[in-house]
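Below is run-v9.cif, holding mmCIF, C-alpha atoms and all ligand atoms.
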```cif
data_run
loop_
_atom_site.label_atom_id
_atom_site.label_comp_id
_atom_site.auth_asym_id
_atom_site.auth_seq_id
_atom_site.Cartn_x
_atom_site.Cartn_y
_atom_site.Cartn_z
CA MET A 5 -66.02 16.10 -16.63
CA LYS A 6 -67.45 17.27 -19.94
CA PRO A 7 -65.47 19.15 -22.57
CA ALA A 8 -66.03 22.86 -23.10
CA GLN A 9 -67.49 23.77 -26.47
CA PHE A 10 -65.42 23.49 -29.61
CA ASP A 11 -65.86 23.38 -33.35
CA TYR A 12 -65.16 19.98 -34.86
CA LEU A 13 -63.70 19.16 -38.23
CA ARG A 14 -63.33 15.67 -39.60
CA ALA A 15 -60.52 16.41 -42.03
CA GLY A 16 -60.34 14.65 -45.38
CA SER A 17 -56.79 15.51 -46.37
CA ILE A 18 -53.45 16.69 -45.03
CA GLU A 19 -53.86 19.95 -47.01
CA GLU A 20 -57.13 20.65 -45.24
CA VAL A 21 -55.48 20.10 -41.83
CA VAL A 22 -52.46 22.33 -42.45
CA SER A 23 -54.51 25.16 -43.88
CA HIS A 24 -56.69 25.17 -40.74
CA LEU A 25 -53.58 24.96 -38.58
CA GLU A 26 -52.21 27.98 -40.39
CA THR A 27 -55.33 29.94 -39.48
CA TYR A 28 -55.88 28.66 -35.95
CA GLY A 29 -52.36 27.85 -34.73
CA ASP A 30 -52.47 26.69 -31.13
CA ARG A 31 -56.16 27.51 -30.84
CA ALA A 32 -56.69 24.24 -32.70
CA ARG A 33 -55.90 20.75 -31.49
CA ILE A 34 -55.24 17.72 -33.62
CA MET A 35 -57.21 14.68 -32.51
CA ALA A 36 -56.10 11.24 -33.64
CA GLY A 37 -57.14 8.48 -31.22
CA GLY A 38 -57.94 11.03 -28.54
CA GLN A 39 -56.88 8.73 -25.71
CA THR A 40 -54.88 11.52 -24.09
CA LEU A 41 -56.63 14.54 -25.57
CA MET A 42 -60.13 13.40 -24.56
CA PRO A 43 -59.29 13.15 -20.84
CA MET A 44 -57.64 16.58 -21.09
CA LEU A 45 -60.78 17.94 -22.76
CA ASN A 46 -63.04 16.27 -20.20
CA PHE A 47 -61.04 17.84 -17.38
CA ARG A 48 -61.01 21.13 -19.29
CA LEU A 49 -57.23 21.22 -19.05
CA VAL A 50 -57.42 22.30 -22.68
CA GLU A 51 -60.21 24.31 -24.29
CA PRO A 52 -59.39 24.53 -27.97
CA GLU A 53 -61.56 26.45 -30.41
CA LEU A 54 -61.26 23.77 -33.05
CA ILE A 55 -60.70 20.03 -32.93
CA ILE A 56 -59.28 18.62 -36.14
CA ASP A 57 -59.93 14.88 -36.36
CA ILE A 58 -57.33 13.24 -38.61
CA THR A 59 -58.44 9.62 -38.30
CA GLY A 60 -60.25 9.66 -41.63
CA ILE A 61 -57.25 10.74 -43.71
CA ALA A 62 -56.24 7.73 -45.81
CA PRO A 63 -52.64 8.86 -46.54
CA LEU A 64 -51.96 8.86 -42.78
CA ALA A 65 -53.01 5.23 -42.31
CA HIS A 66 -49.86 3.48 -43.51
CA ILE A 67 -47.27 1.24 -41.92
CA ARG A 68 -44.47 0.78 -44.42
CA MET A 69 -40.82 0.03 -44.75
CA SER A 70 -38.87 2.74 -46.46
CA GLY A 71 -35.14 2.13 -46.68
CA PRO A 72 -33.68 1.89 -43.18
CA TRP A 73 -36.98 2.98 -41.57
CA VAL A 74 -40.32 1.63 -40.56
CA GLU A 75 -42.65 4.55 -41.17
CA ILE A 76 -45.94 4.79 -39.29
CA GLY A 77 -48.63 7.27 -40.31
CA ALA A 78 -50.37 9.54 -37.84
CA ALA A 79 -53.70 7.70 -38.04
CA VAL A 80 -52.27 4.26 -37.22
CA THR A 81 -53.54 2.92 -33.92
CA GLN A 82 -51.33 1.20 -31.40
CA SER A 83 -53.36 -1.99 -31.77
CA SER A 84 -53.00 -2.10 -35.54
CA LEU A 85 -49.24 -1.69 -35.19
CA LEU A 86 -49.25 -4.48 -32.61
CA ASP A 87 -51.12 -6.64 -35.14
CA TRP A 88 -48.60 -5.93 -37.91
CA SER A 89 -47.02 -9.29 -38.68
CA ASP A 90 -43.48 -7.92 -39.31
CA LEU A 91 -43.34 -5.89 -36.11
CA SER A 92 -41.17 -8.12 -33.93
CA ARG A 93 -38.70 -8.72 -36.76
CA GLU A 94 -38.42 -5.10 -37.89
CA VAL A 95 -38.65 -3.19 -34.61
CA PRO A 96 -38.39 -5.68 -31.73
CA LEU A 97 -38.13 -2.93 -29.13
CA VAL A 98 -41.46 -1.45 -30.25
CA ALA A 99 -42.96 -4.93 -30.15
CA ALA A 100 -41.75 -5.35 -26.57
CA ALA A 101 -42.95 -1.93 -25.41
CA LEU A 102 -46.35 -1.68 -27.12
CA PRO A 103 -48.21 -4.08 -24.82
CA TRP A 104 -47.31 -1.66 -22.01
CA VAL A 105 -48.88 1.33 -23.76
CA GLY A 106 -52.20 1.90 -22.05
CA HIS A 107 -54.71 -0.92 -22.04
CA PHE A 108 -56.15 -3.18 -24.72
CA GLN A 109 -59.17 -0.87 -24.82
CA THR A 110 -57.20 2.36 -25.22
CA ARG A 111 -54.75 0.88 -27.74
CA ASN A 112 -57.75 0.18 -29.97
CA ARG A 113 -58.08 3.95 -30.53
CA GLY A 114 -54.83 5.47 -29.33
CA THR A 115 -52.28 6.19 -32.06
CA VAL A 116 -48.53 5.74 -32.20
CA CYS A 117 -47.89 9.30 -33.37
CA GLY A 118 -50.33 10.72 -30.81
CA SER A 119 -48.25 9.25 -28.04
CA ILE A 120 -45.08 10.71 -29.57
CA ALA A 121 -46.78 14.10 -30.01
CA HIS A 122 -48.03 14.29 -26.44
CA ALA A 123 -44.52 13.59 -25.05
CA ASP A 124 -45.57 12.45 -21.60
CA PRO A 125 -42.40 11.78 -19.57
CA SER A 126 -43.64 8.36 -18.52
CA SER A 127 -44.94 7.18 -21.87
CA GLU A 128 -43.31 4.24 -23.57
CA LEU A 129 -43.21 5.11 -27.26
CA PRO A 130 -41.25 8.38 -26.90
CA LEU A 131 -38.72 6.41 -24.84
CA VAL A 132 -38.37 3.71 -27.46
CA LEU A 133 -38.06 6.33 -30.18
CA ALA A 134 -35.30 8.09 -28.23
CA VAL A 135 -33.33 4.90 -27.63
CA LEU A 136 -33.57 3.80 -31.26
CA GLY A 137 -32.83 7.26 -32.61
CA GLY A 138 -35.98 7.66 -34.68
CA ALA A 139 -37.33 10.62 -36.60
CA ILE A 140 -40.56 12.60 -36.91
CA ASP A 141 -42.07 13.91 -40.15
CA LEU A 142 -43.95 17.21 -39.95
CA ALA A 143 -46.03 19.11 -42.48
CA SER A 144 -47.32 22.66 -42.57
CA LYS A 145 -48.37 25.24 -45.14
CA ARG A 146 -44.71 26.21 -45.20
CA GLY A 147 -43.60 22.76 -46.33
CA THR A 148 -42.43 19.52 -44.77
CA ARG A 149 -39.49 18.71 -42.55
CA THR A 150 -38.09 15.74 -40.68
CA LEU A 151 -36.64 16.09 -37.21
CA LYS A 152 -34.40 13.69 -35.37
CA VAL A 153 -35.93 12.57 -32.09
CA SER A 154 -33.19 14.43 -30.20
CA GLU A 155 -34.27 17.66 -31.91
CA PHE A 156 -37.95 16.92 -31.41
CA GLN A 157 -38.21 16.01 -27.73
CA LEU A 158 -37.63 19.19 -25.73
CA GLY A 159 -38.96 18.29 -22.30
CA MET A 160 -42.08 17.42 -20.36
CA LEU A 161 -45.07 17.59 -22.75
CA THR A 162 -42.95 19.82 -24.97
CA THR A 163 -41.78 19.16 -28.50
CA ALA A 164 -40.33 21.13 -31.39
CA ARG A 165 -43.59 20.90 -33.35
CA ALA A 166 -44.65 24.41 -34.34
CA PRO A 167 -48.30 25.38 -33.75
CA ASP A 168 -49.03 25.25 -37.48
CA GLU A 169 -47.48 21.80 -37.98
CA LEU A 170 -49.03 18.37 -38.24
CA ILE A 171 -47.04 15.25 -37.38
CA THR A 172 -47.65 13.10 -40.45
CA SER A 173 -45.57 10.08 -39.48
CA VAL A 174 -42.92 8.73 -37.18
CA ARG A 175 -39.97 6.59 -38.23
CA PHE A 176 -38.32 3.83 -36.27
CA PRO A 177 -34.99 2.44 -37.53
CA ARG A 178 -35.29 -1.16 -38.68
CA ALA A 179 -33.45 -3.70 -36.53
CA LYS A 180 -30.35 -5.36 -37.91
CA LYS A 181 -28.74 -8.70 -37.17
CA GLY A 182 -26.58 -8.75 -34.07
CA GLU A 183 -28.66 -6.27 -32.06
CA GLY A 184 -30.32 -7.03 -28.74
CA TYR A 185 -33.38 -5.29 -27.30
CA VAL A 186 -35.06 -5.35 -23.91
CA PHE A 187 -37.97 -3.39 -22.44
CA ARG A 188 -39.00 -3.32 -18.78
CA GLU A 189 -41.54 -1.30 -16.83
CA VAL A 190 -42.84 -0.85 -13.31
CA ALA A 191 -46.33 0.59 -12.83
CA ARG A 192 -49.07 0.31 -10.22
CA ARG A 193 -51.21 -1.61 -12.68
CA HIS A 194 -50.20 -2.91 -16.09
CA GLY A 195 -51.17 -0.17 -18.53
CA ASP A 196 -51.11 2.69 -16.05
CA PHE A 197 -48.51 5.45 -16.10
CA ALA A 198 -45.01 4.06 -15.68
CA ILE A 199 -43.21 4.76 -12.43
CA VAL A 200 -40.05 3.84 -14.29
CA SER A 201 -39.69 2.33 -17.75
CA LEU A 202 -36.42 1.16 -19.26
CA ALA A 203 -35.41 0.30 -22.79
CA GLY A 204 -32.05 -1.21 -23.66
CA MET A 205 -30.35 -1.72 -26.99
CA ALA A 206 -27.10 -3.64 -27.47
CA VAL A 207 -25.06 -3.47 -30.65
CA ALA A 208 -21.93 -5.61 -30.62
CA GLY A 209 -21.69 -5.52 -26.82
CA GLN A 210 -22.11 -1.73 -26.69
CA VAL A 211 -25.20 -0.89 -24.73
CA VAL A 212 -27.49 2.11 -24.74
CA LEU A 213 -30.05 2.45 -21.94
CA GLY A 214 -33.04 4.78 -21.96
CA VAL A 215 -35.17 5.61 -18.93
CA GLY A 216 -38.67 7.08 -18.88
CA GLY A 217 -40.80 8.29 -15.98
CA VAL A 218 -37.98 9.93 -14.03
CA ALA A 219 -36.82 13.09 -15.85
CA GLY A 220 -38.99 15.43 -17.92
CA SER A 221 -38.34 13.48 -21.09
CA PRO A 222 -36.76 10.13 -21.96
CA THR A 223 -33.10 10.09 -20.97
CA VAL A 224 -30.69 7.99 -22.97
CA ARG A 225 -27.14 7.11 -22.03
CA ALA A 226 -24.47 4.89 -23.56
CA PHE A 227 -22.89 2.37 -21.20
CA GLY A 228 -20.49 0.91 -23.73
CA THR A 229 -19.02 -2.34 -22.52
CA LEU A 230 -19.06 -1.42 -18.79
CA LYS A 231 -19.48 -4.35 -16.43
CA ASP A 232 -19.75 -5.25 -12.75
CA ALA A 233 -18.78 -2.53 -10.26
CA ALA A 234 -17.96 0.02 -12.96
CA LEU A 235 -21.43 -0.48 -14.42
CA ASP A 236 -23.03 -0.17 -10.96
CA ASP A 237 -21.23 3.13 -10.40
CA ALA A 238 -22.22 4.47 -13.80
CA LEU A 239 -25.86 3.48 -13.24
CA ASN A 240 -25.84 5.08 -9.81
CA ALA A 241 -24.54 8.34 -11.26
CA PHE A 242 -27.14 8.13 -14.03
CA ALA A 243 -29.94 7.56 -11.51
CA TRP A 244 -28.95 10.64 -9.50
CA GLU A 245 -28.39 12.89 -12.50
CA MET A 246 -31.90 12.35 -13.83
CA GLY A 247 -33.17 14.12 -10.73
CA GLY A 248 -36.36 12.16 -10.12
CA HIS A 249 -38.90 13.49 -7.62
CA ASP A 250 -41.37 12.17 -5.09
CA ASP A 251 -45.00 11.90 -6.16
CA VAL A 252 -48.08 9.93 -5.13
CA HIS A 253 -46.87 6.89 -7.04
CA ALA A 254 -43.31 6.55 -5.78
CA THR A 255 -40.48 8.33 -4.01
CA ALA A 256 -37.43 9.65 -5.84
CA ARG A 257 -35.37 7.12 -3.94
CA TYR A 258 -37.50 4.21 -5.11
CA ARG A 259 -37.11 5.46 -8.68
CA ARG A 260 -33.34 5.57 -8.30
CA ASP A 261 -33.39 2.04 -6.91
CA LEU A 262 -35.36 0.86 -9.92
CA VAL A 263 -32.95 2.52 -12.32
CA ARG A 264 -29.95 0.91 -10.61
CA MET A 265 -31.47 -2.57 -10.29
CA LEU A 266 -33.52 -2.91 -13.43
CA GLY A 267 -31.02 -0.88 -15.44
CA LYS A 268 -28.41 -3.52 -14.77
CA GLN A 269 -30.79 -6.34 -15.64
CA VAL A 270 -31.86 -4.66 -18.86
CA ILE A 271 -28.27 -4.03 -19.91
CA GLU A 272 -27.22 -7.60 -19.18
CA GLU A 273 -30.24 -9.06 -20.94
CA ALA A 274 -29.78 -6.84 -23.98
CA ARG A 275 -26.21 -8.08 -24.31
CA ALA A 276 -27.32 -11.67 -23.87
CA CYS A 277 -30.12 -11.56 -26.44
CA LEU A 278 -27.96 -10.43 -29.37
CA SER A 279 -29.60 -12.01 -32.35
CA MET B 3 -65.83 18.40 -44.92
CA PRO B 4 -67.85 21.12 -43.15
CA ILE B 5 -66.95 22.22 -39.65
CA LEU B 6 -69.48 21.20 -37.03
CA LYS B 7 -70.08 24.39 -35.07
CA ALA B 8 -69.80 24.54 -31.30
CA GLY B 9 -73.07 24.86 -29.41
CA GLU B 10 -75.21 23.64 -32.29
CA ARG B 11 -77.09 20.37 -32.37
CA HIS B 12 -76.01 17.99 -35.08
CA THR B 13 -77.81 14.87 -36.25
CA VAL B 14 -75.82 11.72 -35.60
CA THR B 15 -76.87 8.41 -37.09
CA LEU B 16 -75.17 5.18 -36.20
CA THR B 17 -76.04 1.52 -35.95
CA LEU B 18 -76.76 0.52 -32.36
CA ASN B 19 -76.78 -3.22 -31.81
CA GLY B 20 -77.70 -3.86 -35.40
CA ARG B 21 -80.43 -1.22 -35.71
CA PRO B 22 -80.14 2.28 -37.12
CA ALA B 23 -80.37 4.92 -34.40
CA THR B 24 -80.43 8.68 -34.71
CA GLY B 25 -80.11 11.44 -32.16
CA TYR B 26 -78.78 14.93 -31.64
CA ALA B 27 -75.32 15.70 -30.38
CA GLU B 28 -73.17 18.75 -29.93
CA SER B 29 -69.64 18.41 -31.27
CA ARG B 30 -68.46 18.02 -27.66
CA THR B 31 -70.99 15.34 -26.66
CA LEU B 32 -69.31 12.16 -25.45
CA LEU B 33 -70.39 8.92 -27.06
CA SER B 34 -71.22 7.56 -23.59
CA ASP B 35 -73.70 10.40 -22.98
CA PHE B 36 -75.11 10.10 -26.47
CA ILE B 37 -75.81 6.39 -26.07
CA ARG B 38 -77.36 6.81 -22.63
CA HIS B 39 -79.25 10.09 -22.83
CA GLU B 40 -80.04 10.42 -26.48
CA LEU B 41 -80.52 6.80 -27.51
CA GLY B 42 -81.75 5.65 -24.10
CA ALA B 43 -79.47 2.63 -23.88
CA THR B 44 -78.48 2.95 -20.24
CA GLY B 45 -76.75 -0.41 -19.97
CA THR B 46 -73.45 1.34 -20.67
CA HIS B 47 -72.21 2.80 -17.39
CA VAL B 48 -70.10 5.85 -16.73
CA GLY B 49 -67.59 5.78 -13.89
CA CYS B 50 -64.75 8.23 -14.28
CA GLU B 51 -65.08 10.00 -17.64
CA HIS B 52 -61.37 10.06 -18.16
CA GLY B 53 -60.55 6.64 -19.47
CA VAL B 54 -59.41 4.95 -16.29
CA CYS B 55 -62.25 2.73 -15.08
CA GLY B 56 -63.49 1.05 -18.25
CA ALA B 57 -67.16 1.03 -17.16
CA CYS B 58 -68.15 2.84 -20.36
CA THR B 59 -66.52 0.35 -22.74
CA VAL B 60 -68.54 -0.35 -25.90
CA ARG B 61 -67.58 -1.77 -29.27
CA VAL B 62 -67.17 0.62 -32.18
CA ASP B 63 -66.79 -1.19 -35.50
CA GLY B 64 -66.02 -4.34 -33.56
CA LYS B 65 -63.34 -2.89 -31.31
CA ALA B 66 -63.69 -2.42 -27.57
CA VAL B 67 -63.15 1.27 -26.80
CA ARG B 68 -63.87 3.75 -24.03
CA SER B 69 -67.05 5.59 -25.00
CA CYS B 70 -66.12 8.45 -22.63
CA LEU B 71 -63.00 9.03 -24.73
CA THR B 72 -64.90 9.08 -28.00
CA LEU B 73 -67.05 11.88 -29.35
CA ALA B 74 -70.55 11.04 -30.49
CA VAL B 75 -69.90 12.77 -33.81
CA GLN B 76 -66.91 10.48 -34.36
CA ALA B 77 -69.15 7.43 -34.14
CA ALA B 78 -71.48 8.66 -36.88
CA GLY B 79 -71.92 5.88 -39.43
CA CYS B 80 -70.23 3.32 -37.16
CA GLN B 81 -71.45 0.00 -35.84
CA VAL B 82 -71.82 0.53 -32.10
CA GLU B 83 -72.47 -2.43 -29.83
CA THR B 84 -73.40 -2.16 -26.19
CA VAL B 85 -74.23 -4.65 -23.48
CA GLU B 86 -77.89 -4.59 -24.57
CA GLY B 87 -76.81 -6.31 -27.78
CA LEU B 88 -75.25 -9.33 -26.09
CA ALA B 89 -78.52 -11.10 -25.39
CA PRO B 90 -80.77 -9.99 -28.24
CA ARG B 91 -83.46 -12.62 -27.80
CA GLY B 92 -83.15 -12.86 -24.05
CA THR B 93 -80.67 -15.72 -24.21
CA LEU B 94 -77.49 -14.89 -22.34
CA SER B 95 -74.25 -15.02 -24.30
CA ILE B 96 -71.76 -17.69 -23.31
CA LEU B 97 -69.79 -15.00 -21.46
CA GLN B 98 -72.81 -13.59 -19.62
CA GLU B 99 -73.81 -17.10 -18.67
CA ALA B 100 -70.31 -17.75 -17.27
CA PHE B 101 -70.44 -14.48 -15.29
CA LYS B 102 -73.69 -15.67 -13.75
CA ARG B 103 -72.35 -19.13 -12.93
CA HIS B 104 -69.15 -17.80 -11.36
CA HIS B 105 -70.86 -14.97 -9.43
CA ALA B 106 -68.70 -12.48 -11.35
CA VAL B 107 -71.36 -9.78 -10.88
CA GLN B 108 -71.71 -8.04 -7.54
CA CYS B 109 -73.18 -4.55 -7.83
CA GLY B 110 -72.86 -4.83 -11.61
CA TYR B 111 -71.53 -1.38 -12.24
CA CYS B 112 -68.35 -2.48 -13.99
CA THR B 113 -69.93 -5.51 -15.65
CA PRO B 114 -71.20 -4.09 -18.98
CA GLY B 115 -67.78 -2.66 -19.81
CA ILE B 116 -65.93 -5.85 -18.91
CA LEU B 117 -68.37 -7.92 -20.94
CA MET B 118 -67.81 -5.75 -24.02
CA SER B 119 -64.01 -5.90 -23.69
CA LEU B 120 -63.94 -9.65 -23.19
CA THR B 121 -66.44 -10.27 -25.98
CA HIS B 122 -64.16 -8.46 -28.42
CA TYR B 123 -61.00 -10.05 -27.08
CA LEU B 124 -62.31 -13.62 -27.04
CA GLU B 125 -63.76 -13.23 -30.51
CA THR B 126 -60.32 -12.37 -31.89
CA ASN B 127 -58.31 -14.55 -29.45
CA PRO B 128 -60.38 -17.65 -28.68
CA GLU B 129 -57.20 -19.37 -27.46
CA ALA B 130 -56.54 -16.63 -24.89
CA THR B 131 -54.47 -17.57 -21.86
CA GLU B 132 -55.32 -16.59 -18.29
CA MET B 133 -52.47 -14.05 -18.32
CA GLN B 134 -53.82 -12.38 -21.46
CA LEU B 135 -57.33 -12.32 -20.05
CA ARG B 136 -56.04 -10.77 -16.83
CA GLU B 137 -54.44 -8.02 -18.84
CA VAL B 138 -57.68 -7.28 -20.68
CA ILE B 139 -59.59 -7.24 -17.39
CA GLY B 140 -56.78 -5.02 -16.07
CA GLY B 141 -58.21 -2.28 -18.27
CA HIS B 142 -61.22 -2.15 -15.94
CA LEU B 143 -61.79 -1.27 -12.33
CA CYS B 144 -64.28 -3.19 -10.20
CA ARG B 145 -65.05 -1.28 -7.01
CA CYS B 146 -66.55 -4.45 -5.55
CA THR B 147 -63.11 -5.97 -6.26
CA GLY B 148 -64.54 -9.29 -7.36
CA TYR B 149 -61.71 -9.89 -9.81
CA THR B 150 -61.18 -13.54 -8.92
CA GLN B 151 -64.64 -14.50 -10.13
CA ILE B 152 -64.38 -12.29 -13.21
CA VAL B 153 -61.11 -13.94 -14.20
CA ALA B 154 -62.59 -17.38 -13.50
CA ALA B 155 -65.55 -16.65 -15.77
CA ALA B 156 -63.31 -15.41 -18.58
CA VAL B 157 -60.97 -18.40 -18.30
CA ASP B 158 -63.96 -20.73 -18.27
CA VAL B 159 -65.24 -19.27 -21.54
CA ALA B 160 -61.81 -19.44 -23.17
CA THR B 161 -61.56 -23.10 -22.17
CA ARG B 162 -65.00 -23.84 -23.62
CA LEU B 163 -64.17 -22.02 -26.85
CA ARG B 164 -60.92 -23.95 -27.16
CA GLU B 165 -62.69 -27.26 -26.61
CA ALA B 166 -65.42 -26.35 -29.07
CA ALA B 167 -62.76 -25.56 -31.68
CA ARG B 168 -61.12 -28.98 -31.14
CA LYS B 169 -64.37 -30.90 -31.67
CA PRO B 170 -64.84 -32.02 -35.26
S1 LIG A 301 -66.16 6.20 -17.67
FE1 LIG A 301 -65.00 5.80 -19.42
S2 LIG A 301 -63.27 4.83 -18.62
FE2 LIG A 301 -64.31 5.42 -16.82
S1 LIG A 302 -69.33 -5.63 -9.56
FE1 LIG A 302 -69.44 -3.76 -8.46
S2 LIG A 302 -67.99 -2.57 -9.50
FE2 LIG A 302 -67.61 -4.50 -10.30
#
```
For the structure just supplied, provide its representation as structure tokens.
Ligand code: FES
Ligand code: FES
Amino acid sequence: MKPAQFDYLRAGSIEEVVSHLETYGDRARIMAGGQTLMPMLNFRLVEPELIIDITGIAPLAHIRMSGPWVEIGAAVTQSSLLDWSDLSREVPLVAAALPWVGHFQTRNRGTVCGSIAHADPSSELPLVLAVLGGAIDLASKRGTRTLKVSEFQLGMLTTARAPDELITSVRFPRAKKGEGYVFREVARRHGDFAIVSLAGMAVAGQVVLGVGGVAGSPTVRAFGTLKDAALDDALNAFAWEMGGHDDVHATARYRRDLVRMLGKQVIEEARACLS
Amino acid sequence: MPILKAGERHTVTLTLNGRPATGYAESRTLLSDFIRHELGATGTHVGCEHGVCGACTVRVDGKAVRSCLTLAVQAAGCQVETVEGLAPRGTLSILQEAFKRHHAVQCGYCTPGILMSLTHYLETNPEATEMQLREVIGGHLCRCTGYTQIVAAAVDVATRLREAARKP
């Protein structure tokens, strides 16, 4: 339960990070809050040669509005985003989901971008990003690029980030009038890994539902204006297609039940809470 | 900044409960081990070493965090507070006193972590509701399962803080 040996660099700038990433590639690991990486190090699931700590890089510490986006830098912790006074107005779905991300104690160190980077199938922020259609900014020695979330999330713990790239920020689209948002989660204990998490967004009666914790990565589907039995059938098909599996936390069948039941609730509530 | 080499001992200086403290750490040394073994402050307990139990919770620059998920070298220059700092002159803090009154301590293994979490939370949310306090306590495991008393103690303190704030 102790990490293997590694070199440690507290980086002072983005340039310093990307030049080390160029040299080390996947033999280096970026550490932001470390709330996922530290357990993996302690278990020796990963044994990197170099840990690059990015928490001291001032240009990564911003939360700002830029055009249609809310942009969150890679050093921003989940708790400081939760404390941001404009959060529930600008990105209500993030505001609803964040209290479910880990515990008070882990949110104090864990970062928003770290959670996106790790891409755990049951984690809340990648789900919210997928439903909202966000984007990820990456930097490397080769330059910078921005990927749509659909291009970025490739599967369980897998993203399109190249080994020499640093995620510098993540962008959530700002909410507009007339949109409704709902987040729901079932876990053994509040803050533990989700058995199933659901995020719904309604725009003018058209609903999009995203589900985490079942497939390898967040799965998003449009349910349009479907209602009643037609909606039940569509949710049932959705629940089966995601191909959930049995594990120590829940059976595949229980997961499908949750998708069918809570999916309907989330969709109905999202339509009802149109602002 | 220079790379701290694996396998070498590096000097780490931080402020522990208001006093400067220095010790040696490898880059991989956990803050929990550094506090206990190097600085000798064994009030901070270690349960799981992967962020699940909360026994190791300390405050770093005011915030309650898992010390088993923090490297000692990351805490260099930080204000670290542990359970030893709650009763500096031997007088129990209002929270410790409530834990005593409500019998919220059984074996005491989980207690230091819970105290540090609640101290931070109540400082920033003196009007905390029972639901909010339950969520904060939900970040900890108590193998003695004495949650009812722990919640009662926390709610008691929140009530007292609220009343104290109302008084002119
Ligand atoms: S020892 Fe740190 S959370 Fe369990
Ligand atoms: S009092 Fe024994 S573990 Fe909580």
Open item on the list: List as a list of chain:residue names the protein and nucleic acid residues lying within 8 Å of ligand LIG 301 (chain A), with only C-alpha atoms and all ligand atoms counted.
Closed with: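 For ligand LIG 301 (chain A), the residues inside 8 Å are B:Ser34, B:His47, B:Val48, B:Gly49, B:Cys50, B:Glu51, B:His52, B:Gly53, B:Val54, B:Cys55, B:Gly56, B:Ala57, B:Cys58, B:Thr59, B:Arg68, B:Ser69, B:Cys70, B:Leu71, B:His142.
Considering the residues A:Leu45, A:Ile55, A:Ala36, A:Leu64 and counting all atoms listed in the file, Phe10 in chain A has its shortest atom-to-atom contact with A:Ile55.
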Open item on the list: Distance cut-off 7 Å, counting only C-alpha atoms - which residues of chain B neighbour chain A? Return them as a PyMOL selection string.
Closed with: chain B and resi 3-9+29-30+51-53+65-68+71+138+140-141
- [ ] Rank B:Thr44, B:Ala74, B:Leu117, B:Tyr111 by their smallest atom-to-atom distance to Glu99 in chain B, using only C-alpha atoms, and report the top residue only.
- [x]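 Closest candidate: B:Leu117.
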Open item on the list: Show me which residues line ligand LIG 302 (chain A), defined as having an atom within 9 Å of a ligand atom where only C-alpha atoms and all ligand atoms count, and present them as a list of chain:residue names.
Closed with: B:Ala57, B:Ala106, B:Val107, B:Gln108, B:Cys109, B:Gly110, B:Tyr111, B:Cys112, B:Thr113, B:Ile116, B:His142, B:Leu143, B:Cys144, B:Arg145, B:Cys146, B:Thr147, B:Gly148, B:Tyr149, B:Ile152
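Between CA of Ala143 in chain A and CA of Arg178 in chain A lies a distance of 23.3 Å.
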Task: Atomic distance CA of Gly204 in chain A - CA of Gly77 in chain A, expressed in Å with one decimal - done: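 Between these atoms lies a distance of 25.0 Å.
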Task: Interatomic distance (Å, one decimal) between CA of His122 in chain A and CA of Leu161 in chain A - done: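 Going from CA of His122 in chain A over to CA of Leu161 in chain A covers 5.8 Å.
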- [ ] Extract, using all atoms listed in the file, all DNA, RNA and protein residues at most 12 Å from Ala166 in chain A, discarding same-chain residues fewer than 5 positions from it, and format them as a ChimeraX atom specification.
- [x] /A:22,25-26,29-30,121,142-146,148-149,151,156,171
Go through range 86-189 of chain A and flag each residue having an atom no more than 12 Å from range 245-268 of chain A; for those, report the closest pair of atoms plus their distance in Å to one decimal, using all atoms listed in the file, ordered by chain and rising number, as CSV.
```
residue,atom,partner,partner_atom,distance
A:Pro125,CA,A:Gly248,CA,11.2
A:Ser126,CA,A:Gly248,CA,11.7
A:Val186,CA,A:Gly267,CA,10.4
A:Phe187,CA,A:Leu266,CA,10.1
A:Arg188,CA,A:Leu266,CA,7.7
A:Glu189,CA,A:Leu266,CA,8.9
```
Mind dumping the selected residues with C-alpha atoms as an mmCIF file, in the frame of the given file?
```cif
data_model
loop_
_atom_site.group_PDB
_atom_site.id
_atom_site.type_symbol
_atom_site.label_atom_id
_atom_site.label_comp_id
_atom_site.auth_asym_id
_atom_site.auth_seq_id
_atom_site.Cartn_x
_atom_site.Cartn_y
_atom_site.Cartn_z
ATOM 1 C CA PRO A 125 -42.400 11.780 -19.570
ATOM 2 C CA SER A 126 -43.640 8.360 -18.520
ATOM 3 C CA VAL A 186 -35.060 -5.350 -23.910
ATOM 4 C CA PHE A 187 -37.970 -3.390 -22.440
ATOM 5 C CA ARG A 188 -39.000 -3.320 -18.780
ATOM 6 C CA GLU A 189 -41.540 -1.300 -16.830
#
```
- [ ] Identify the residues within 10 Å of coordinate (-40.7, -6.1, -39.1) (same frame as the file), considering only C-alpha atoms, and give the answer as number ranges by chain.
- [x] A: 68-69, 74, 88-96, 99, 178-179
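Nearest residue to Glu10 in chain B, choosing from B:Arg136, B:Thr31, B:Thr24, B:Gly115 and counting only C-alpha atoms: B:Thr31.
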Quick one: axis-aligned box around all listed atoms of range 201-206 of chain A, 3 Å on every side, centre and edge lengths in Å to one decimal, written as AutoDock Vina command-line options.
```
--center_x -33.4 --center_y -0.7 --center_z -22.6 --size_x 18.6 --size_y 12.0 --size_z 15.7
```
Open item on the list: Need to verify the contact set: Leu41 in chain B, 10 Å, all atoms listed in the file, exclusion of same-chain residues closer than 5 positions in sequence. Can you return it as a PyMOL selection string?
Closed with: chain B and resi 18+23-26+35-36
Open item on the list: Counting only C-alpha atoms, which residues sit no farther than 12 Å from the position (-34.2, 8.9, -32.9) in the file's frame? I'd like them as an MDAnalysis selection string.
Closed with: chainID A and resid 73 120 129:141 150:157 174:178 214 222 224
